[in-house]
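Student: Mind having a look at this structure? Questions to follow.
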Amino acid sequence: MLKEIFKPNPEFAKDALIPSMDAYWKLQNKAIEDYDGFWKDFADEKIEWLAPYDKVLDESDAPFYKWFTNGKLNVSNQCIDRHLETKANQNAIIFEGDKGDVEHITYAQLSQRVNKMANLLKNEFGVKKGDRVVLYMPMIPEAAYAMLACTRLGAIHSIVFGGFSSAALRDRIEDAEAKIVITADGAFRKGKPYMLKNVVDEALTKGAKSIEAVLVVKRNFEEITWKEGRDHAYNDLIDAQSDVCPFEAMDSEDPLFLLYTSGSTGKPKGVLHTTAGYILWAQMTMEWVFDLRKNDVFWCTADVGWITGHTYIVYGPLAAGTTTLMFEGVPTYPDAGRAWKMVQDHNITQFYTAPTAIRLLHKTGEDEPKKYDLSKLRILGTVGEPIDPHAWKWYYETVGNSKCAIVDTYWQTETGGHMISPLPGATAIKPGCATFALPGIIAEVIEEDGTPTPVGEKGLMCITRPWPSMIRNIWGDPERFKKAYFGDCKKEGKAVYFTGDGAMIDEDGYLTITGRTDDVINVSGHRMGTAEVEAAIDEHNAVATVAVVGVPHEIKGEGIFAYIVLKNPEDASEELKVAINKVIKAEIGAIALCDGIAFVPDLPKTRSGKIMRRILRSIVKGEEITQDTSTLEDPSIVAIIEGIVKES
Ligand code: WT7
């Protein structure tokens, strides 16, 4: 860990939205003293209410909290219409394609396109309030239009990341009982076309019976198969639509979107976010954490298929009325300077990415940032996993020229927006440390019974008061919702939200996230459930049992390592490893591919049959086994597995 502390750059701190720790504490103390009043003030200031709410926070049916009850609003109004008077000609979205093609979309143009798309969905496909719409899209502006068109109509979008397989897509369509899929023929990556529509076709052949129509945006114009009656070409239909589509008045607690994420069972969870609380916090964190100013151009490199893309490519930036950059390609193509050239060309003021991307950019082009004019950058952000000192130092010195604040933002799909993060004009930064809970967020490191964990020791990262943008439910599974998030920790006898992460508070009150405490692996800043990968591997005929653990990985942070017991040990071969990875790719997608596989005669199990994963984690890391192995059914298995892993 770097021991140095980095104070805010005084030159910019003086004009920052939250310019000092005093200003931070003023806000946070207000929240502590008058929680409802704190949120009321911001809700009144930030949201254009179509009808007033009657209560800030309703805790009567905890943990099914309700915010701003009976208020009416519309998120697409919040992100578009209400800006038109002052920002019609300001860029809302700047799009850069893989091949360098650039398109500027003003707020006025965004309004036209979203209205047309909403009319198309409404008039051609009968999409209405409450319907589920699955998006399986590349990173093109139409993905944002589709999201906003859904919110305009009150339909619930569920975006499935384009890297997921047809089986994963089908599961998500079926769980949500979606009515329509919006996709594209494909897009471009590294100068070449890639395809998405064929994955949708495959997903729909074996199930997903709720789907009535597929709307296809033509992006790369490659040949695709077409099912008459079901498939519809966006490009042919959109021009005829009117660009006036009145927005629905939505209730504060009406569902806004679903987003599936991994948990500790094999089945992904459909995280439900609702309307008012989500958009309020998306806008507030956008403004505070990125110290948003006039003429800023914000670039978040995530994909819209993840929560980061939802909140900080589309909803946060547009609700805050800034300009957001959307990029189709990869930051290292056609060369390792691509990202920095884009920062220069588009006058990027805030750059937000994941440690895994920083490590990749560092490795492939250590000196590349120096070749470009990055002087407009004020803030650099990271998200998704702890950032290691090595990556931090390069990001700060070489990319930020030792002038930019680095905001290490800690949050989750379930939290909707940032929870713990430095404020660039206020917080003295300790590298690798998410620092303090944002104003309004009551975050505590505690034991299961609610007692505070002593300073310097690892405890459980809990958010002990409900907050507006919190997950409201797991789609179709309220019991799992209660158990997964409110089942582990109690404070003063009341269930509190547990993130699943461990954390530590130091003597200065700084929070450091120490990683997941459950069987979830963090691959390239994305959550991957071990049970999900195991279920996929299990699909291969040769496999008897399997256990998957995380393994440190130079670029990805964590990789996936599988210990597999075969039905017939003689089947073990390199070809079988390839075949097993193929099954994973088909069941989940390339993000879940194993970085290593070991065929072992048995797994370390307790006498009651529980697999001791901690031992498996230690073995693959090459650590000495310090755990007590005497409770194992067969303690001798540990040395045998160690031998096999060492050899492989
Ligand atoms: C998990 C959430 C939030 C968008 C990206 C991932 C880990 C996230 C940090 C950070 C250390 C972090 C946690 C968390 N995580 N940000 N700044 N420092 N760890 O979203 O897939 O919902 O994953 O990512 O383990 O629980 P997600």
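By order of appearance in the structure tokens: chains A, B, ..., then residues from 1 within every chain, and ligands from 1 in the order shown.
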Could you list, as JSON, numbers by chain, every residue within 12 Å of Glu633 (chain A), counting only C-alpha atoms and ignoring same-chain residues fewer than 4 positions away?
Tutor: {"A": [602, 603, 604, 605, 606, 607, 608, 609, 610, 611, 612, 629, 637, 638]}
Student: Could you please extract the residues within 7 Å of ligand 1, counting only C-alpha atoms and all ligand atoms, and hand them back as a list in words?
Tutor: Thr261, Ile307, Thr308, Thr382, Val383, Gly384, Glu385, Pro386, Ile387, Asp408, Thr409, Tyr410, Trp411, Gln412, Thr413, Glu414, Ala434, Thr499, Gly500, Asp501, Ile513, Thr514, Gly515, Arg516, Asn522, Gly525, His526 and Arg527 of chain A
Student: Can you measure CA of Glu222 (chain A) to CA of Lys122 (chain A) for me? One decimal in Å is fine.
Tutor: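 Distance reported for this atom pair: 27.8 Å.
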Student: Could you tell me which of A:Ala249, A:Val214, A:Val181, A:Ile173 comes closest to Gly154 (chain A) if we count only C-alpha atoms?
Tutor: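 Ranked by minimum distance to Gly154 (chain A), first place goes to A:Ala249.
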Student: Using only C-alpha atoms, which protein or nucleic acid residues come within 9 Å of region 286-290 of chain A? Drop anything in the same chain fewer than 5 positions from it, and give the result as a PyMOL selection string.
Tutor: chain A and resi 16-18+281+298+311-312+316-317+319-320+350+378-381+407+409+417-418+421-424+438
